[in-house]
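Enquirer: Take a look at this one; I'll ask things after.
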Amino acid sequence: MKRREFLKQAALSALPIEYPHRLFRNLTAVAATSRRWAHPGEPSWPTEGAWNELSGGIKGQIIKLQSPLSICKDDQTSGACDEVLKRLHSPFHLSDQPALTQTSGWANAWISSPSIYAVIPENAADVSAAVRFASQHNIRLVVKGGGHSYQGTSNAPDSLLIWTRSLNEITFHNAFVGTGCESLSAPQPAVTLGAGLLWMDAYRSVTTEAGRYVQGGGCTTVGVAGLIQSGGFGSFSKKYGLAAAGLLEAEIVTADGRILIANSCNHADLFWGLKGGGGGSLGVVTTMTLRTHALPEFFGGVFGVVKATSEAAYRQLVGRLIAFYSEELFNPTWGEQMRFLPGHRVEISMVFQGIDQQRAIDAWSPLINWVSASPKDYQFEQSLKIITMPARHFWDPDYLKTHHPEFIVLDDRPETKKKRFVWAGDLGEAGQYIYAYQSAWLPATLLAIDRRSNLCEALVSASQQWGVSLHFNKGLAGASKSCLAEALNTAINPAATGAFALAISASHGPPSYLGIPGHEPDHTAAQRDARNVEAAMNAIRALVPNSGSYVSESDFFQSDWQQSYWGSNYARLLAVKHKYDPTGLFFAHHGVGSED
């Protein structure tokens, strides 16, 4: 950015920040080394000259941020405001706005707030300059790629944002060997992805164009780097393993501004911490090199809704589904979820890999026949639909809009030049304001014949309060021995390797922002739904107390977060944190070392 452009943008006033206040019920003790960041207007805040110096020292840009919603605070009746509010429902628009996040907030926890400035780096050297500047001036530092953090860790008021979106190069390797590992590791196919890429972009290049597979996230608008650092589950995790386990090498900028190459041969402790230790705690990742796999011939899905006519029939339905999953689907072929809902309903949304249409039909025929044999007790509220497609087209917008348009929503903005889509089932999360979100790992021992009835009773009891989803792809039990061994060499809670599913219960409202009448958070609804979610998950936790949960999809108010997210790995992670970030420059809510 040229000096004149910088000064022009710097003159823009920032939107005032308002926060709800509460005493957090799980407040931890504040250590003696607590850090207090500088704020605008204080003597320690950098001068305009200092900001100009940072701008002149990087190849990328530095911009002053202002929320697009400021126009609605000035005049909510204007057409411009209407357009802004309309775009808040597009995940692609949200991801293209450095002042916005995919989630607009969480009741009584946080609300989306723009940083004061954003650095848009062109390379790792730019990131290093921004990190050194934040450290020198004691400024809160925030890193954002996809902006999908439910915990709000990709935004903070009075902060400097490193927006990695421009770090979006993709490089393929036929025979990758990590730096310094030439005599220690066998060459393997891999892809290097820039930290600012969304998984939609990665899948389009790796799968649609190159005919390979890389283990990433199920939601197409999630950022590459954030998912890997949090562990990372995709739709086919039981086949291809934890996404973090596929990390072969990373370029990262640490708190002292060094640019490091981390792999199993260099900075191996940091490399291990990046594989599931949580994003934003150990440094700023700029690139990640991931293992790629040969594609199977087919990917596919099974979708439908079954409804029982009575509580007794529903209890039998839940029992039948658990037995069916245990006996037919508990293997690397199947992934995704079943949702157990109030009103005696079960929503099926499963995916598969490596089998053709007929084998998928054969797999589900026993359940279809069982439901159809008792029309007085059960009915398909939505007929079970089984689809199969060439695996190479699973993330191909052109193919999907022709053959299965009902499953996707295209990024059809006039200004976009990239072919992108979001799964139709994920669209409601764009701009969501979270009312409650809780999760728990479910150990595979619950699928034993003598324990299934207890699991079924817990699911029936929970779904009487609120919906509960079993995400089978977010538990690694049932995966191959090699996948499990690789997952145990990451920082994620080892409980994930023994879990057949992650149970999730959650609620959210529409995009919500303070100071805009008609679009402010509905805290009455939030409190009501939070009580229901709590009751539902209490039924699950009574069955599996202290089971742990997944850092990216968990309760903001998790009291035992260290144990819950990382289990026996936390002490080792904390040692890595203290080694590479001894002053606590990188902070994330319930991130490693945040208790300090």
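Just so we're on the same page: first chain in the structure tokens is A, next is B, and so on; residues restart at 1 for each chain, and ligands are numbered from 1 in the order they show up.
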Find the residues near segment 187-189 of chain A: any atom within 7 Å, counting only C-alpha atoms, skip ones fewer than 5 places away on the same chain, and give them as number ranges by chain.
Expert: A: 173-177, 291-292
Enquirer: Find the residues around segment 99-115 of chain A up to 6 Å (only C-alpha atoms counted), leave out those fewer than 2 positions away in its own chain, and share them as a list in words.
Expert: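 Once the nearby chain positions are removed, what remains is Ser67, Leu94, Gln97, Tyr117, Gly147, His148, Ala156, Pro157, Asp158, Ser159, Leu160, Leu161, Ala430, Gly431, Gln432, Tyr433, Ile434, Tyr435 and Pro511 of chain A.
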Enquirer: Please give the complete set of residues from segment 201-318 of chain A that DSSP, run on the backbone, assigns to strand (DSSP E), formatted as JSON, numbers by chain.
Expert: {"A": [212, 213, 247, 248, 249, 250, 251, 252, 253, 259, 260, 261, 262, 284, 285, 286, 287, 288, 289, 290, 291, 293, 294, 298, 299, 300, 301, 302, 303, 304, 305, 306, 307, 308]}
Enquirer: Those same residues, written as a compact mmCIF listing (two decimals), in the first residue's frame with N, CA and C atoms?
Expert:
```
# COMPACT_ATOMS: atom_id res chain seq x y z
N ARG A 212 -6.62 -36.29 -6.86
CA ARG A 212 -6.09 -36.84 -5.62
C ARG A 212 -7.02 -36.45 -4.46
N TYR A 213 -6.74 -37.00 -3.29
CA TYR A 213 -7.53 -36.65 -2.11
C TYR A 213 -6.62 -36.14 -1.01
N LEU A 247 -0.31 -33.94 8.24
CA LEU A 247 0.63 -32.84 8.12
C LEU A 247 2.06 -33.37 8.06
N LEU A 248 2.79 -32.97 7.03
CA LEU A 248 4.17 -33.40 6.86
C LEU A 248 5.17 -32.31 7.19
N GLU A 249 4.74 -31.06 7.00
CA GLU A 249 5.66 -29.95 7.26
C GLU A 249 4.86 -28.65 7.31
N ALA A 250 5.34 -27.70 8.09
CA ALA A 250 4.69 -26.39 8.17
C ALA A 250 5.73 -25.29 8.24
N GLU A 251 5.43 -24.19 7.59
CA GLU A 251 6.20 -22.96 7.78
C GLU A 251 5.43 -22.13 8.79
N ILE A 252 6.12 -21.65 9.82
CA ILE A 252 5.45 -20.95 10.91
C ILE A 252 6.32 -19.80 11.41
N VAL A 253 5.68 -18.71 11.78
CA VAL A 253 6.35 -17.58 12.40
C VAL A 253 6.07 -17.64 13.90
N ILE A 259 11.14 -17.27 11.31
CA ILE A 259 10.41 -18.08 10.34
C ILE A 259 11.01 -19.47 10.37
N LEU A 260 10.25 -20.44 10.84
CA LEU A 260 10.76 -21.78 11.05
C LEU A 260 10.08 -22.77 10.11
N ILE A 261 10.82 -23.81 9.75
CA ILE A 261 10.26 -24.98 9.08
C ILE A 261 10.16 -26.07 10.13
N ALA A 262 8.93 -26.48 10.40
CA ALA A 262 8.69 -27.49 11.43
C ALA A 262 8.23 -28.79 10.79
N VAL A 284 2.09 -18.24 13.97
CA VAL A 284 1.28 -17.97 12.78
C VAL A 284 1.76 -18.88 11.66
N VAL A 285 0.96 -19.85 11.31
CA VAL A 285 1.30 -20.77 10.22
C VAL A 285 1.09 -20.06 8.89
N THR A 286 2.05 -20.19 7.98
CA THR A 286 1.93 -19.56 6.66
C THR A 286 1.69 -20.58 5.55
N THR A 287 2.29 -21.77 5.65
CA THR A 287 2.02 -22.84 4.70
C THR A 287 1.97 -24.17 5.43
N MET A 288 1.26 -25.12 4.85
CA MET A 288 1.20 -26.48 5.38
C MET A 288 1.32 -27.46 4.23
N THR A 289 2.17 -28.47 4.40
CA THR A 289 2.30 -29.52 3.41
C THR A 289 1.63 -30.77 3.95
N LEU A 290 0.68 -31.30 3.17
CA LEU A 290 -0.15 -32.41 3.61
C LEU A 290 -0.02 -33.60 2.66
N ARG A 291 -0.10 -34.78 3.22
CA ARG A 291 -0.10 -36.01 2.43
C ARG A 291 -1.35 -36.06 1.55
N HIS A 293 -3.75 -38.68 -1.12
CA HIS A 293 -4.10 -40.08 -1.27
C HIS A 293 -4.71 -40.32 -2.65
N ALA A 294 -4.63 -41.57 -3.09
CA ALA A 294 -5.34 -41.95 -4.30
C ALA A 294 -6.84 -41.88 -4.06
N PHE A 298 -15.66 -44.05 -6.15
CA PHE A 298 -16.92 -43.38 -5.85
C PHE A 298 -16.92 -42.75 -4.46
N PHE A 299 -17.61 -41.62 -4.35
CA PHE A 299 -18.10 -41.06 -3.10
C PHE A 299 -19.62 -41.04 -3.21
N GLY A 300 -20.30 -41.02 -2.06
CA GLY A 300 -21.76 -40.95 -2.12
C GLY A 300 -22.36 -40.58 -0.78
N GLY A 301 -23.69 -40.53 -0.73
CA GLY A 301 -24.38 -40.14 0.49
C GLY A 301 -25.74 -40.80 0.61
N VAL A 302 -26.24 -40.84 1.84
CA VAL A 302 -27.56 -41.39 2.17
C VAL A 302 -28.28 -40.37 3.03
N PHE A 303 -29.47 -39.95 2.59
CA PHE A 303 -30.17 -38.87 3.27
C PHE A 303 -31.64 -39.21 3.43
N GLY A 304 -32.20 -38.89 4.60
CA GLY A 304 -33.62 -39.12 4.83
C GLY A 304 -33.99 -38.83 6.27
N VAL A 305 -35.29 -38.88 6.55
CA VAL A 305 -35.81 -38.64 7.89
C VAL A 305 -36.83 -39.72 8.22
N VAL A 306 -36.63 -40.37 9.38
CA VAL A 306 -37.57 -41.39 9.86
C VAL A 306 -38.29 -40.84 11.08
N LYS A 307 -39.61 -41.06 11.12
CA LYS A 307 -40.41 -40.58 12.25
C LYS A 307 -41.16 -41.75 12.87
N ALA A 308 -41.13 -41.83 14.21
CA ALA A 308 -41.90 -42.83 14.94
C ALA A 308 -43.20 -42.20 15.43
```
Enquirer: Skipping near chain neighbours, those fewer than 5 positions away, what residues fall within 6 Å of segment 272-280 of chain A using only C-alpha atoms, listed as an NGL selection string?
Expert: :A and (226 or 229-231 or 244 or 490-492)
Enquirer: Check the smallest atom-to-atom distance from each of A:Arg315, A:Phe271, A:Leu295, A:Arg451 to Leu573 of chain A using only C-alpha atoms, then report the winner.
Expert: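 Under the stated criterion, the closest residue is A:Phe271.
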Enquirer: Can you tell me which residues surround Ala38 of chain A at a distance of at most 10 Å, considering only C-alpha atoms, apart from same-chain residues fewer than 5 positions away, and format the answer as number ranges by chain?
Expert: A: 43-46, 134, 137-140, 158-159
Enquirer: Write out as number ranges by chain each polymer residue whose atoms come within 6 Å of Ser512 of chain A, counting only C-alpha atoms; drop sequence neighbours fewer than 4 positions from it.
Expert: A: 433, 519-521
Enquirer: List the spatial neighbours of Ala485 of chain A as a PyMOL selection string - criterion: any atom at most 10 Å away, only C-alpha atoms, same-chain residues fewer than 3 positions off excluded.
Expert: chain A and resi 241+245+480-482+488-490+497
Enquirer: Could you write those residues out with N, CA and C atoms, as a PDB file, in the first residue's frame?
Expert:
```pdb
ATOM      1  N   GLY A 241      -8.150 -40.810   8.168  1.00  0.00           N
ATOM      2  CA  GLY A 241      -7.558 -40.400   9.425  1.00  0.00           C
ATOM      3  C   GLY A 241      -7.774 -38.941   9.761  1.00  0.00           C
ATOM      4  N   ALA A 245      -2.982 -35.488  11.278  1.00  0.00           N
ATOM      5  CA  ALA A 245      -2.032 -36.601  11.123  1.00  0.00           C
ATOM      6  C   ALA A 245      -1.426 -36.626   9.731  1.00  0.00           C
ATOM      7  N   SER A 480      -8.545 -47.694  10.495  1.00  0.00           N
ATOM      8  CA  SER A 480      -7.473 -48.680  10.419  1.00  0.00           C
ATOM      9  C   SER A 480      -6.464 -48.466  11.541  1.00  0.00           C
ATOM     10  N   LYS A 481      -5.655 -49.492  11.803  1.00  0.00           N
ATOM     11  CA  LYS A 481      -4.630 -49.394  12.841  1.00  0.00           C
ATOM     12  C   LYS A 481      -3.628 -48.281  12.528  1.00  0.00           C
ATOM     13  N   SER A 482      -3.314 -48.108  11.237  1.00  0.00           N
ATOM     14  CA  SER A 482      -2.354 -47.058  10.874  1.00  0.00           C
ATOM     15  C   SER A 482      -2.929 -45.677  11.121  1.00  0.00           C
ATOM     16  N   LEU A 488      -2.575 -40.898  17.290  1.00  0.00           N
ATOM     17  CA  LEU A 488      -1.965 -40.896  18.618  1.00  0.00           C
ATOM     18  C   LEU A 488      -0.634 -40.152  18.629  1.00  0.00           C
ATOM     19  N   ASN A 489      -0.118 -39.824  17.454  1.00  0.00           N
ATOM     20  CA  ASN A 489       1.097 -39.017  17.352  1.00  0.00           C
ATOM     21  C   ASN A 489       0.765 -37.553  17.083  1.00  0.00           C
ATOM     22  N   THR A 490      -0.447 -37.148  17.422  1.00  0.00           N
ATOM     23  CA  THR A 490      -0.849 -35.744  17.365  1.00  0.00           C
ATOM     24  C   THR A 490      -1.186 -35.288  18.772  1.00  0.00           C
ATOM     25  N   THR A 497      -9.450 -41.319  19.641  1.00  0.00           N
ATOM     26  CA  THR A 497      -9.123 -42.554  18.925  1.00  0.00           C
ATOM     27  C   THR A 497      -9.965 -43.722  19.414  1.00  0.00           C
TER      28      THR A 497
END
```
Enquirer: Report as a list in words: the residues of segment 102-138 of chain A with a DSSP assignment of alpha helix (DSSP H), based on the backbone of this structure.
Expert: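 Alpha helix (DSSP H) members of segment 102-138 of chain A, listed: Ala124, Ala125, Asp126, Val127, Ser128, Ala129, Ala130, Val131, Arg132, Phe133, Ala134, Ser135, Gln136 and His137 of chain A.
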Enquirer: Take the residues from that selection and write them out as a compact mmCIF listing (two decimals), in the first residue's frame, keeping N, CA and C atoms.
Expert:
```
# COMPACT_ATOMS: atom_id res chain seq x y z
N ALA A 124 5.85 -14.90 4.37
CA ALA A 124 6.15 -15.11 5.78
C ALA A 124 6.92 -13.94 6.38
N ALA A 125 7.73 -13.25 5.57
CA ALA A 125 8.46 -12.09 6.08
C ALA A 125 7.50 -11.00 6.53
N ASP A 126 6.41 -10.80 5.81
CA ASP A 126 5.40 -9.83 6.23
C ASP A 126 4.76 -10.23 7.55
N VAL A 127 4.49 -11.52 7.67
CA VAL A 127 3.92 -12.01 8.93
C VAL A 127 4.90 -11.77 10.07
N SER A 128 6.17 -12.02 9.82
CA SER A 128 7.20 -11.81 10.84
C SER A 128 7.24 -10.35 11.27
N ALA A 129 7.15 -9.44 10.31
CA ALA A 129 7.16 -8.01 10.65
C ALA A 129 5.97 -7.64 11.53
N ALA A 130 4.80 -8.19 11.22
CA ALA A 130 3.60 -7.90 12.01
C ALA A 130 3.72 -8.48 13.42
N VAL A 131 4.27 -9.68 13.53
CA VAL A 131 4.44 -10.30 14.84
C VAL A 131 5.42 -9.49 15.69
N ARG A 132 6.53 -9.08 15.10
CA ARG A 132 7.51 -8.28 15.83
C ARG A 132 6.92 -6.94 16.27
N PHE A 133 6.12 -6.34 15.41
CA PHE A 133 5.48 -5.06 15.73
C PHE A 133 4.52 -5.23 16.91
N ALA A 134 3.70 -6.26 16.87
CA ALA A 134 2.75 -6.50 17.96
C ALA A 134 3.48 -6.77 19.27
N SER A 135 4.57 -7.52 19.19
CA SER A 135 5.33 -7.81 20.40
C SER A 135 5.99 -6.55 20.95
N GLN A 136 6.57 -5.75 20.07
CA GLN A 136 7.27 -4.54 20.49
C GLN A 136 6.32 -3.55 21.17
N HIS A 137 5.10 -3.44 20.62
CA HIS A 137 4.15 -2.46 21.12
C HIS A 137 3.09 -3.06 22.05
```
Enquirer: Which neighbours of Pro98 of chain A fall inside 8 Å, counting only C-alpha atoms, when residues of the same chain fewer than 4 positions from it are skipped, and could you give them as a PyMOL selection string?
Expert: chain A and resi 65+114+118+163
Enquirer: Based on the selection just made, write N, CA and C atoms of those residues as a compact mmCIF listing (two decimals), in the first residue's frame.
Expert:
```txt
# COMPACT_ATOMS: atom_id res chain seq x y z
N LEU A 65 -9.47 -1.11 9.75
CA LEU A 65 -10.72 -1.84 9.60
C LEU A 65 -11.91 -1.06 10.16
N PRO A 114 -14.35 -5.96 14.92
CA PRO A 114 -13.18 -5.83 14.05
C PRO A 114 -11.95 -5.39 14.80
N ALA A 118 -5.44 -4.34 10.06
CA ALA A 118 -5.17 -5.68 9.54
C ALA A 118 -3.96 -5.64 8.63
N TRP A 163 -4.39 -11.22 8.58
CA TRP A 163 -5.41 -11.86 7.74
C TRP A 163 -4.68 -12.62 6.65
```
Enquirer: Can you measure atom CA of His89 of chain A to atom CA of Glu415 of chain A for me? One decimal in Å is fine.
Expert: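 Going from atom CA of His89 of chain A over to atom CA of Glu415 of chain A covers 16.7 Å.
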Enquirer: Which of these, A:Leu85, A:Ile386, A:Val119, A:Ala80, has the shortest distance to Ile58 of chain A once you count only C-alpha atoms?
Expert: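 Going through A:Leu85, A:Ile386, A:Val119, A:Ala80 one by one, the smallest distance to Ile58 of chain A is for A:Val119.
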Enquirer: From the options A:Ser154, A:Ser166, A:Gln382, A:Thr220, which residue's atoms come nearest to Ile408 of chain A, counting only C-alpha atoms?
Expert: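 Among A:Ser154, A:Ser166, A:Gln382, A:Thr220, it is A:Thr220 that comes nearest to Ile408 of chain A.
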